[in-house]
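Colleague: Right, I'll just put the structure down here and ask away after.
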Amino acid sequence: MADLAPPRPAPADPGPGSPAAAGPGERAGASAPGGVPLAASLADFAALARDVLPPEVYDFVAGGSGTEAALAANRAALDRIAVLPRMLRGVDRPRTDAPLLGRPHALPVAVAPMAYQRLVHPDGEPALAAAAHAAGVPYVASTLSSTTVEEIAAAGGPVWFQLYWLRDRGMVRELVDRAHRAGCTALMVTVDVPILGPRLRDVRNGFALPPEVSAANLPGSRDDLAHAGIPGTSAVARHTSAAFAPALTWSDIGWLRGQTDLPLVVKGILDPRDAVLAADAGADAVVVSNHGGRQLDAAPAAVTMLPEVLTAVGDRCEVLVDGAISGGVDVLRALALGASGVLVGRPLLWALAVAGRAGADAAFALLAAELRDALTLAGCADPAEARDLRTITGG
């Protein structure tokens with residue numbers, strides 16, 4: 001097993017230029033070099049990205065499965081969560097740093113695993129990983145990255161590796177070994193993709209990957225299928241159907257636990273009973289997730305199931321959540337419900353699409369400033385205090 005580099009500690013008092021250094025109300029980094037305005041909020045990047053991306057690529061990233069009911073449910077559920085702020089708490093400049101998987105980070109945030117990032121910008125995964133490193137948060141490298149895990153890890157750490165279970169177990173073992181050798185600091189296995197959910201936008205667009213974008217970590221795994229556009233079908237769905245193993249069981253998670261000493265994260269949990277089984281299998285954390293609304297269209301919003309999962313696992317493992325997290329207030333909501341942290345996905349990918357590394361840097365700066373504002377307004381000196389806030393659903 002490869003020796004792992006020590007984590008980059010989150011400074012208690014970030015210095016000038018750090019994304020987390022902006023004071024309440026400030027928006028450090030909201031403009032690219034040269035003063036070109038990018039966004040007033042993290043959520044603004046979605047509309048900006050729509051203006052620069054080909055429609056079929058925008059749909060590939062933005063779309064959900066089926067009627068997109070689960071996709072819409074994530075945002076609607078977050079908007080129903082009201083947080084009761086505390087008053088007269090003497091909070092002036094709250095900290096944003098928090099531990100994830102036992103290591104300190106500048107924000108209680110990790111970059112969600114997202115496939116084929118060179119679709120939205122030629123600099124792809126290394127640019128977003130480098131921005132995450134500069135911001136002091138973990139970057140999760142997808143099995144379906146358009147750049148190899150080795151190249152992503154070279155951008156700096158910490159990098160977690162996300163594993164899709166392949167039909168060829170030898171390739172699974174090889175990916176785990178590569179993650180170790182590259183210096184990844186955690187392993188995340190996604191369990192909610194036995195098959196790809198029906199992404200109807202991609203079907204209607206006859207979506208296929210362009211020649212310059214491929215699954216860089218999976219040589220020889222029928223990647224040609226992802227490039228063969230056929231009207232009325234999704235080439236990406238054909239590729240994953242050929243490459244992914246649909247019959248994953250909890251014994252496989254136990255086997256994976258035996259292959260690595262790295263922290264193991266199980267992503268794609270909604271039923272509290274499955275969260276307990278993940279803890280039984282040795283998971284150090286679970287991610288409550290409906291895959292961004294891209295798998296079972298009848299699935300509930302991830303944040304809706306978060307309290308039940310937390311109750312089910314207690315202190316046996318960390319619990320993170322994702323799904324439509326679009327700014328600092330959403331991070332506060334998740335913390336107030338009891339999550340250790342969140343995964344942020346599409347907003348960061350939109351920022352990468354808009355301006356590459358500069359866009360990603362601006363997005364992290366906005367997210368840090370938004371979280372600092374939210375903590376200040378809620379009367380919390382740090383993310384740990386946010387977990388003691390009360391919430392009201394529907395209020």
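Going through the structure tokens in order, the chains are called A, B, and so on, while each chain numbers its residues from 1 and the ligands are numbered from 1 in the order shown.
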Would you pick out the contacts of A:Pro347 at 9 Å or less, using only C-alpha atoms, so that residues sharing its chain but fewer than 2 positions from it are not included, and give the list as an mmCIF file with all heavy atoms, in the first residue's frame?
Modeller:
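Listed below is the output, selection.cif:
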data_model
loop_
_atom_site.group_PDB
_atom_site.id
_atom_site.type_symbol
_atom_site.label_atom_id
_atom_site.label_comp_id
_atom_site.auth_asym_id
_atom_site.auth_seq_id
_atom_site.Cartn_x
_atom_site.Cartn_y
_atom_site.Cartn_z
ATOM 1 N N LEU A 42 -22.997 31.180 -5.770
ATOM 2 C CA LEU A 42 -22.598 29.894 -6.351
ATOM 3 C C LEU A 42 -23.666 29.382 -7.309
ATOM 4 O O LEU A 42 -23.355 28.835 -8.368
ATOM 5 C CB LEU A 42 -22.360 28.882 -5.228
ATOM 6 C CG LEU A 42 -21.845 27.509 -5.649
ATOM 7 C CD1 LEU A 42 -20.455 27.608 -6.254
ATOM 8 C CD2 LEU A 42 -21.847 26.543 -4.471
ATOM 9 N N ALA A 43 -24.939 29.585 -6.967
ATOM 10 C CA ALA A 43 -26.025 29.083 -7.801
ATOM 11 C C ALA A 43 -26.080 29.761 -9.163
ATOM 12 O O ALA A 43 -26.639 29.202 -10.114
ATOM 13 C CB ALA A 43 -27.355 29.262 -7.075
ATOM 14 N N ASP A 44 -25.498 30.959 -9.289
ATOM 15 C CA ASP A 44 -25.555 31.689 -10.557
ATOM 16 C C ASP A 44 -24.809 30.992 -11.689
ATOM 17 O O ASP A 44 -25.064 31.266 -12.868
ATOM 18 C CB ASP A 44 -24.950 33.095 -10.399
ATOM 19 C CG ASP A 44 -25.868 34.039 -9.647
ATOM 20 O OD1 ASP A 44 -27.024 33.671 -9.376
ATOM 21 O OD2 ASP A 44 -25.409 35.151 -9.322
ATOM 22 N N PHE A 45 -23.875 30.119 -11.351
ATOM 23 C CA PHE A 45 -23.053 29.514 -12.394
ATOM 24 C C PHE A 45 -23.860 28.632 -13.347
ATOM 25 O O PHE A 45 -23.449 28.425 -14.494
ATOM 26 C CB PHE A 45 -21.918 28.692 -11.780
ATOM 27 C CG PHE A 45 -20.769 29.531 -11.296
ATOM 28 C CD1 PHE A 45 -20.537 29.703 -9.933
ATOM 29 C CD2 PHE A 45 -19.914 30.153 -12.188
ATOM 30 C CE1 PHE A 45 -19.487 30.471 -9.483
ATOM 31 C CE2 PHE A 45 -18.862 30.930 -11.746
ATOM 32 C CZ PHE A 45 -18.643 31.092 -10.389
ATOM 33 N N ALA A 46 -24.998 28.123 -12.904
ATOM 34 C CA ALA A 46 -25.789 27.244 -13.772
ATOM 35 C C ALA A 46 -26.255 27.989 -15.019
ATOM 36 O O ALA A 46 -26.129 27.485 -16.147
ATOM 37 C CB ALA A 46 -26.988 26.678 -13.009
ATOM 38 N N ALA A 324 -28.486 18.752 -4.766
ATOM 39 C CA ALA A 324 -28.926 20.141 -4.949
ATOM 40 C C ALA A 324 -28.310 21.112 -3.964
ATOM 41 O O ALA A 324 -28.827 22.216 -3.778
ATOM 42 C CB ALA A 324 -30.455 20.247 -4.915
ATOM 43 N N ILE A 325 -27.194 20.749 -3.335
ATOM 44 C CA ILE A 325 -26.494 21.700 -2.462
ATOM 45 C C ILE A 325 -25.920 22.791 -3.351
ATOM 46 O O ILE A 325 -25.018 22.545 -4.156
ATOM 47 C CB ILE A 325 -25.380 21.008 -1.659
ATOM 48 C CG1 ILE A 325 -25.935 19.825 -0.852
ATOM 49 C CG2 ILE A 325 -24.682 22.020 -0.754
ATOM 50 C CD1 ILE A 325 -26.875 20.183 0.253
ATOM 51 N N SER A 326 -26.444 24.004 -3.220
ATOM 52 C CA SER A 326 -26.129 25.066 -4.173
ATOM 53 C C SER A 326 -25.586 26.325 -3.528
ATOM 54 O O SER A 326 -25.514 27.371 -4.200
ATOM 55 C CB SER A 326 -27.393 25.418 -4.981
ATOM 56 O OG SER A 326 -27.872 24.291 -5.681
ATOM 57 N N GLY A 327 -25.206 26.269 -2.255
ATOM 58 C CA GLY A 327 -24.655 27.457 -1.618
ATOM 59 C C GLY A 327 -24.465 27.252 -0.132
ATOM 60 O O GLY A 327 -24.773 26.193 0.432
ATOM 61 N N VAL A 344 -20.718 18.664 -2.897
ATOM 62 C CA VAL A 344 -21.224 19.664 -3.837
ATOM 63 C C VAL A 344 -20.809 19.232 -5.234
ATOM 64 O O VAL A 344 -19.633 18.937 -5.473
ATOM 65 C CB VAL A 344 -20.687 21.071 -3.524
ATOM 66 C CG1 VAL A 344 -21.195 22.080 -4.549
ATOM 67 C CG2 VAL A 344 -21.100 21.501 -2.120
ATOM 68 N N GLY A 345 -21.766 19.200 -6.150
ATOM 69 C CA GLY A 345 -21.487 18.692 -7.488
ATOM 70 C C GLY A 345 -21.695 19.698 -8.588
ATOM 71 O O GLY A 345 -20.793 20.453 -8.933
ATOM 72 N N LEU A 349 -19.143 22.152 -11.243
ATOM 73 C CA LEU A 349 -18.928 21.794 -12.638
ATOM 74 C C LEU A 349 -19.355 22.932 -13.560
ATOM 75 O O LEU A 349 -18.694 23.212 -14.564
ATOM 76 C CB LEU A 349 -19.692 20.515 -12.969
ATOM 77 C CG LEU A 349 -19.214 19.729 -14.189
ATOM 78 C CD1 LEU A 349 -17.756 19.333 -14.041
ATOM 79 C CD2 LEU A 349 -20.081 18.490 -14.394
ATOM 80 N N TRP A 350 -20.454 23.607 -13.215
ATOM 81 C CA TRP A 350 -20.861 24.777 -14.003
ATOM 82 C C TRP A 350 -19.780 25.853 -13.963
ATOM 83 O O TRP A 350 -19.489 26.487 -14.983
ATOM 84 C CB TRP A 350 -22.165 25.355 -13.470
ATOM 85 C CG TRP A 350 -23.380 24.482 -13.500
ATOM 86 C CD1 TRP A 350 -24.320 24.383 -12.522
ATOM 87 C CD2 TRP A 350 -23.832 23.622 -14.550
ATOM 88 N NE1 TRP A 350 -25.320 23.504 -12.879
ATOM 89 C CE2 TRP A 350 -25.044 23.033 -14.130
ATOM 90 C CE3 TRP A 350 -23.323 23.278 -15.804
ATOM 91 C CZ2 TRP A 350 -25.753 22.120 -14.918
ATOM 92 C CZ3 TRP A 350 -24.019 22.369 -16.588
ATOM 93 C CH2 TRP A 350 -25.218 21.810 -16.157
ATOM 94 N N ALA A 351 -19.191 26.079 -12.795
ATOM 95 C CA ALA A 351 -18.143 27.091 -12.682
ATOM 96 C C ALA A 351 -16.936 26.722 -13.521
ATOM 97 O O ALA A 351 -16.316 27.589 -14.168
ATOM 98 C CB ALA A 351 -17.742 27.254 -11.213
ATOM 99 N N LEU A 352 -16.576 25.437 -13.530
ATOM 100 C CA LEU A 352 -15.478 24.976 -14.382
ATOM 101 C C LEU A 352 -15.804 25.245 -15.845
ATOM 102 O O LEU A 352 -14.938 25.695 -16.616
ATOM 103 C CB LEU A 352 -15.248 23.479 -14.158
ATOM 104 C CG LEU A 352 -14.151 22.815 -14.997
ATOM 105 C CD1 LEU A 352 -12.777 23.281 -14.548
ATOM 106 C CD2 LEU A 352 -14.251 21.283 -14.897
ATOM 107 N N ALA A 363 -15.806 29.887 -7.562
ATOM 108 C CA ALA A 363 -16.908 29.151 -6.955
ATOM 109 C C ALA A 363 -16.591 28.765 -5.513
ATOM 110 O O ALA A 363 -17.438 28.902 -4.617
ATOM 111 C CB ALA A 363 -17.213 27.904 -7.784
#
Colleague: Please, which residues of stretch 221-288 of chain A, numbered as in this document, come out helix (DSSP H, G or I) from DSSP, as a PyMOL selection string?
Modeller: chain A and resi 224-227+235-243+250-257+272-280
Colleague: For the contact check between stretch 76-120 of chain A and stretch 202-224 of chain A, emit one row per residue of stretch 76-120 of chain A within 12 Å, containing the shortest atom pair and the distance in Å rounded to one decimal, counting only C-alpha atoms, chain then rising number order, as JSON lines.
Modeller:
{"residue": "A:Met114", "atom": "CA", "partner": "A:Ala215", "partner_atom": "CA", "distance": 11.8}
{"residue": "A:Ala115", "atom": "CA", "partner": "A:Ala215", "partner_atom": "CA", "distance": 8.3}
{"residue": "A:Tyr116", "atom": "CA", "partner": "A:Val213", "partner_atom": "CA", "distance": 6.8}
{"residue": "A:Gln117", "atom": "CA", "partner": "A:Val213", "partner_atom": "CA", "distance": 8.6}
{"residue": "A:Arg118", "atom": "CA", "partner": "A:Val213", "partner_atom": "CA", "distance": 6.4}
{"residue": "A:Leu119", "atom": "CA", "partner": "A:Val213", "partner_atom": "CA", "distance": 6.6}
{"residue": "A:Val120", "atom": "CA", "partner": "A:Val213", "partner_atom": "CA", "distance": 10.2}
Colleague: Can I get the selection written as a tab-separated table (two decimals), in the first residue's frame, with N, CA, C and O atoms?
Modeller:
chain	number	residue	atom	x	y	z
A	114	MET	N	-17.90	13.36	-10.24
A	114	MET	CA	-18.64	13.69	-11.46
A	114	MET	C	-17.85	13.22	-12.66
A	114	MET	O	-16.65	13.47	-12.77
A	115	ALA	N	-18.52	12.54	-13.57
A	115	ALA	CA	-17.86	11.91	-14.71
A	115	ALA	C	-17.53	12.91	-15.80
A	115	ALA	O	-18.17	13.96	-15.92
A	116	TYR	N	-16.52	12.58	-16.58
A	116	TYR	CA	-16.24	13.21	-17.88
A	116	TYR	C	-16.20	14.74	-17.82
A	116	TYR	O	-16.86	15.44	-18.59
A	117	GLN	N	-15.36	15.28	-16.94
A	117	GLN	CA	-15.36	16.73	-16.76
A	117	GLN	C	-14.74	17.48	-17.93
A	117	GLN	O	-14.98	18.68	-18.10
A	118	ARG	N	-14.00	16.79	-18.77
A	118	ARG	CA	-13.49	17.45	-19.97
A	118	ARG	C	-14.60	17.73	-20.99
A	118	ARG	O	-14.37	18.45	-21.96
A	119	LEU	N	-15.76	17.20	-20.75
A	119	LEU	CA	-16.91	17.57	-21.58
A	119	LEU	C	-17.22	19.05	-21.46
A	119	LEU	O	-17.66	19.69	-22.42
A	120	VAL	N	-17.03	19.62	-20.26
A	120	VAL	CA	-17.44	21.01	-20.03
A	120	VAL	C	-16.28	21.99	-20.18
A	120	VAL	O	-16.51	23.18	-20.40
Colleague: So which residues of stretch 58-152 of chain A fall under strand (DSSP E) by DSSP, listed as a list of chain:residue names?
Modeller: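 After running DSSP on the backbone, stretch 58-152 of chain A has strand (DSSP E) at A:Ile81, A:Ala82, A:Val83, A:Leu84, A:Ala98, A:Pro99, A:Leu100, A:Arg103, A:Pro104, A:His105, A:Val109, A:Ala110, A:Val111, A:Tyr139, A:Val140, A:Ala141.
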Colleague: Any idea what's packed within 8 Å of A:Ala381, counting only C-alpha atoms, ignoring anything in its chain fewer than 5 positions away? Could you give it as a list in words?
Modeller: Val91, Asp92, Arg93, Pro94, Arg95, Leu375 and Thr376 of chain A
Colleague: So that each row is one residue of stretch 263-295 of chain A with an atom at most 10 Å from stretch 160-182 of chain A, can you give its shortest atom pair and the distance in Å to one decimal, using only C-alpha atoms, rows by chain and rising number, as CSV?
Modeller:
residue,atom,partner,partner_atom,distance
A:Pro263,CA,A:Trp160,CA,9.3
A:Leu264,CA,A:Trp160,CA,9.7
A:Val265,CA,A:Gln162,CA,8.8
A:Val266,CA,A:Gln162,CA,9.5
A:Lys267,CA,A:Gln162,CA,9.0
Colleague: Excluding stretch 100-104 of chain A and any residue of its chain fewer than 2 positions from it, enumerate the residues within 10 Å of it, using only C-alpha atoms, and give them as JSON, numbers by chain.
Modeller: {"A": [6, 7, 8, 9, 10, 11, 97, 98, 106, 107, 108, 109, 110, 136, 137, 138, 158, 185, 186, 262, 263, 264, 265, 284, 285, 317, 318, 319, 320, 340, 341, 342]}
Colleague: Please produce a file of those selected residues containing N, CA, C and O atoms, as a CSV table (one decimal), in the first residue's frame.
Modeller:
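Writing done, so here's result_7.csv:
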chain,number,residue,atom,x,y,z
A,6,PRO,N,0.6,13.5,4.3
A,6,PRO,CA,-0.2,14.1,5.4
A,6,PRO,C,-1.2,15.1,4.8
A,6,PRO,O,-0.9,15.7,3.8
A,7,PRO,N,-2.3,15.2,5.4
A,7,PRO,CA,-3.4,16.1,4.9
A,7,PRO,C,-2.9,17.6,5.0
A,7,PRO,O,-2.1,17.9,5.8
A,8,ARG,N,-3.4,18.4,4.1
A,8,ARG,CA,-3.2,19.8,4.1
A,8,ARG,C,-4.1,20.4,5.2
A,8,ARG,O,-5.3,20.4,5.1
A,9,PRO,N,-3.5,20.9,6.3
A,9,PRO,CA,-4.4,21.3,7.4
A,9,PRO,C,-5.1,22.6,7.0
A,9,PRO,O,-4.6,23.4,6.3
A,10,ALA,N,-6.3,22.7,7.6
A,10,ALA,CA,-7.1,24.0,7.4
A,10,ALA,C,-6.7,25.0,8.4
A,10,ALA,O,-6.7,24.7,9.6
A,11,PRO,N,-6.2,26.2,8.0
A,11,PRO,CA,-5.7,27.2,8.9
A,11,PRO,C,-6.9,27.7,9.8
A,11,PRO,O,-8.0,27.9,9.3
A,97,ASP,N,-13.8,25.8,9.1
A,97,ASP,CA,-13.1,24.5,9.0
A,97,ASP,C,-13.8,23.5,9.8
A,97,ASP,O,-14.5,23.7,10.8
A,98,ALA,N,-13.7,22.2,9.3
A,98,ALA,CA,-14.4,21.1,10.0
A,98,ALA,C,-13.7,19.8,9.5
A,98,ALA,O,-13.1,19.7,8.5
A,106,ALA,N,-10.9,22.9,5.2
A,106,ALA,CA,-11.3,24.3,5.3
A,106,ALA,C,-12.8,24.5,5.3
A,106,ALA,O,-13.2,25.6,5.8
A,107,LEU,N,-13.5,23.6,4.8
A,107,LEU,CA,-15.0,23.6,4.8
A,107,LEU,C,-15.5,22.2,5.0
A,107,LEU,O,-14.8,21.3,4.7
A,108,PRO,N,-16.7,22.1,5.5
A,108,PRO,CA,-17.3,20.8,5.7
A,108,PRO,C,-17.9,20.3,4.4
A,108,PRO,O,-19.1,20.0,4.2
A,109,VAL,N,-17.1,20.3,3.3
A,109,VAL,CA,-17.5,20.1,2.0
A,109,VAL,C,-16.5,19.2,1.2
A,109,VAL,O,-15.3,19.3,1.5
A,110,ALA,N,-17.0,18.3,0.4
A,110,ALA,CA,-16.1,17.6,-0.6
A,110,ALA,C,-16.7,17.8,-1.9
A,110,ALA,O,-17.9,18.0,-2.1
A,136,GLY,N,-8.8,24.0,0.1
A,136,GLY,CA,-8.7,23.2,1.3
A,136,GLY,C,-9.8,22.2,1.5
A,136,GLY,O,-10.1,21.8,2.7
A,137,VAL,N,-10.4,21.6,0.4
A,137,VAL,CA,-11.4,20.6,0.5
A,137,VAL,C,-11.1,19.4,-0.3
A,137,VAL,O,-10.3,19.5,-1.3
A,138,PRO,N,-11.6,18.2,0.1
A,138,PRO,CA,-11.3,17.0,-0.7
A,138,PRO,C,-12.0,17.0,-2.0
A,138,PRO,O,-13.1,17.5,-2.2
A,158,PRO,N,-6.3,16.7,-0.6
A,158,PRO,CA,-6.6,15.3,-0.6
A,158,PRO,C,-7.5,14.9,-1.7
A,158,PRO,O,-8.4,15.7,-2.1
A,185,THR,N,-6.7,9.5,-0.3
A,185,THR,CA,-6.8,9.4,1.1
A,185,THR,C,-8.1,8.8,1.6
A,185,THR,O,-8.3,8.6,2.8
A,186,ALA,N,-9.0,8.4,0.7
A,186,ALA,CA,-10.2,7.7,1.0
A,186,ALA,C,-10.7,7.0,-0.2
A,186,ALA,O,-10.4,7.3,-1.4
A,262,LEU,N,-7.8,2.3,3.8
A,262,LEU,CA,-8.2,3.7,3.7
A,262,LEU,C,-9.6,3.8,4.3
A,262,LEU,O,-10.4,2.8,4.3
A,263,PRO,N,-10.0,5.0,4.7
A,263,PRO,CA,-11.4,5.2,5.1
A,263,PRO,C,-12.3,4.8,3.9
A,263,PRO,O,-12.1,5.2,2.8
A,264,LEU,N,-13.4,4.1,4.2
A,264,LEU,CA,-14.3,3.6,3.2
A,264,LEU,C,-15.7,4.3,3.4
A,264,LEU,O,-16.3,4.3,4.4
A,265,VAL,N,-16.1,4.9,2.3
A,265,VAL,CA,-17.4,5.7,2.2
A,265,VAL,C,-18.3,5.0,1.3
A,265,VAL,O,-17.9,4.6,0.2
A,284,ASP,N,-16.7,3.7,7.0
A,284,ASP,CA,-16.4,4.8,7.9
A,284,ASP,C,-17.4,5.9,7.8
A,284,ASP,O,-17.5,6.8,8.6
A,285,ALA,N,-18.1,6.0,6.6
A,285,ALA,CA,-19.0,7.0,6.4
A,285,ALA,C,-20.0,6.5,5.3
A,285,ALA,O,-19.7,5.7,4.5
A,317,CYS,N,-20.7,5.7,12.3
A,317,CYS,CA,-20.0,6.2,11.1
A,317,CYS,C,-20.5,7.6,10.8
A,317,CYS,O,-21.5,8.1,11.3
A,318,GLU,N,-19.7,8.3,10.1
A,318,GLU,CA,-20.0,9.7,9.7
A,318,GLU,C,-21.2,9.6,8.6
A,318,GLU,O,-21.3,8.6,7.9
A,319,VAL,N,-21.9,10.7,8.6
A,319,VAL,CA,-23.0,10.7,7.6
A,319,VAL,C,-22.9,12.1,6.9
A,319,VAL,O,-22.9,13.1,7.4
A,320,LEU,N,-22.7,12.0,5.5
A,320,LEU,CA,-22.7,13.1,4.7
A,320,LEU,C,-24.0,13.1,3.8
A,320,LEU,O,-24.7,12.1,3.7
A,340,SER,N,-22.3,15.5,8.9
A,340,SER,CA,-20.9,15.9,9.1
A,340,SER,C,-20.5,16.8,8.1
A,340,SER,O,-19.6,17.7,8.3
A,341,GLY,N,-21.0,16.7,6.9
A,341,GLY,CA,-20.6,17.6,5.8
A,341,GLY,C,-21.5,17.2,4.6
A,341,GLY,O,-22.4,16.4,4.6
A,342,VAL,N,-21.1,17.9,3.4
A,342,VAL,CA,-21.9,17.7,2.2
A,342,VAL,C,-21.0,17.4,1.0
A,342,VAL,O,-19.8,17.8,1.1
Colleague: Applying 10 Å and only C-alpha atoms, which residues near stretch 331-339 of chain A remain after dropping the ones on its own chain fewer than 2 positions away? List them as a VMD selection string.
Modeller: chain A and resid 78 to 79 81 to 84 107 to 109 287 to 288 303 to 304 306 to 307 309 to 311 318 to 322 325 to 329 341 to 344 367 370 to 372 374 to 375 378 380 383 to 392
Colleague: Please produce a file of the residues just selected, as a CSV table (one decimal), in the first residue's frame, where the atoms kept are C-alpha atoms.
Modeller:
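What follows is the written file again27.csv:
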chain,number,residue,atom,x,y,z
A,78,LEU,CA,-33.9,21.8,0.9
A,79,ASP,CA,-36.2,24.9,0.4
A,81,ILE,CA,-36.0,23.3,5.7
A,82,ALA,CA,-36.0,26.4,7.9
A,83,VAL,CA,-33.2,26.9,10.4
A,84,LEU,CA,-33.8,28.7,13.7
A,107,LEU,CA,-15.0,23.6,4.8
A,108,PRO,CA,-17.3,20.8,5.7
A,109,VAL,CA,-17.5,20.1,2.0
A,287,VAL,CA,-23.5,9.5,1.8
A,288,VAL,CA,-27.2,9.9,1.9
A,303,VAL,CA,-32.0,15.5,2.7
A,304,THR,CA,-35.5,14.1,3.6
A,306,LEU,CA,-30.9,12.3,6.4
A,307,PRO,CA,-32.5,12.5,9.9
A,309,VAL,CA,-30.2,7.7,8.6
A,310,LEU,CA,-28.5,9.6,11.4
A,311,THR,CA,-30.8,8.0,14.0
A,318,GLU,CA,-20.0,9.7,9.7
A,319,VAL,CA,-23.0,10.7,7.6
A,320,LEU,CA,-22.7,13.1,4.7
A,321,VAL,CA,-25.4,14.2,2.2
A,322,ASP,CA,-25.7,15.5,-1.3
A,325,ILE,CA,-26.5,21.7,-2.5
A,326,SER,CA,-26.1,25.1,-4.2
A,327,GLY,CA,-24.7,27.5,-1.6
A,328,GLY,CA,-23.6,28.2,1.9
A,329,VAL,CA,-27.2,28.3,3.3
A,341,GLY,CA,-20.6,17.6,5.8
A,342,VAL,CA,-21.9,17.7,2.2
A,343,LEU,CA,-20.9,16.8,-1.3
A,344,VAL,CA,-21.2,19.7,-3.8
A,367,LEU,CA,-19.1,29.0,-1.2
A,370,GLU,CA,-21.7,32.2,1.8
A,371,LEU,CA,-21.1,29.6,4.5
A,372,ARG,CA,-19.4,32.3,6.7
A,374,ALA,CA,-24.8,31.8,7.0
A,375,LEU,CA,-22.9,30.8,10.2
A,378,ALA,CA,-27.3,31.8,12.5
A,380,CYS,CA,-22.7,29.9,15.1
A,383,PRO,CA,-19.8,24.3,11.7
A,384,ALA,CA,-19.9,22.2,14.9
A,385,GLU,CA,-22.2,24.8,16.5
A,386,ALA,CA,-24.4,24.6,13.5
A,387,ARG,CA,-25.1,21.0,14.2
A,388,ASP,CA,-26.9,22.2,17.4
A,389,LEU,CA,-29.3,24.4,15.6
A,390,ARG,CA,-33.0,23.5,15.4
A,391,THR,CA,-34.8,23.1,12.1
A,392,ILE,CA,-38.4,23.2,11.1
Colleague: Measure the distance from atom CA of A:Gln295 to atom CA of A:Pro194 in Å and round it to one decimal.
Modeller: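 Here the two named atoms are 9.5 Å from each other.
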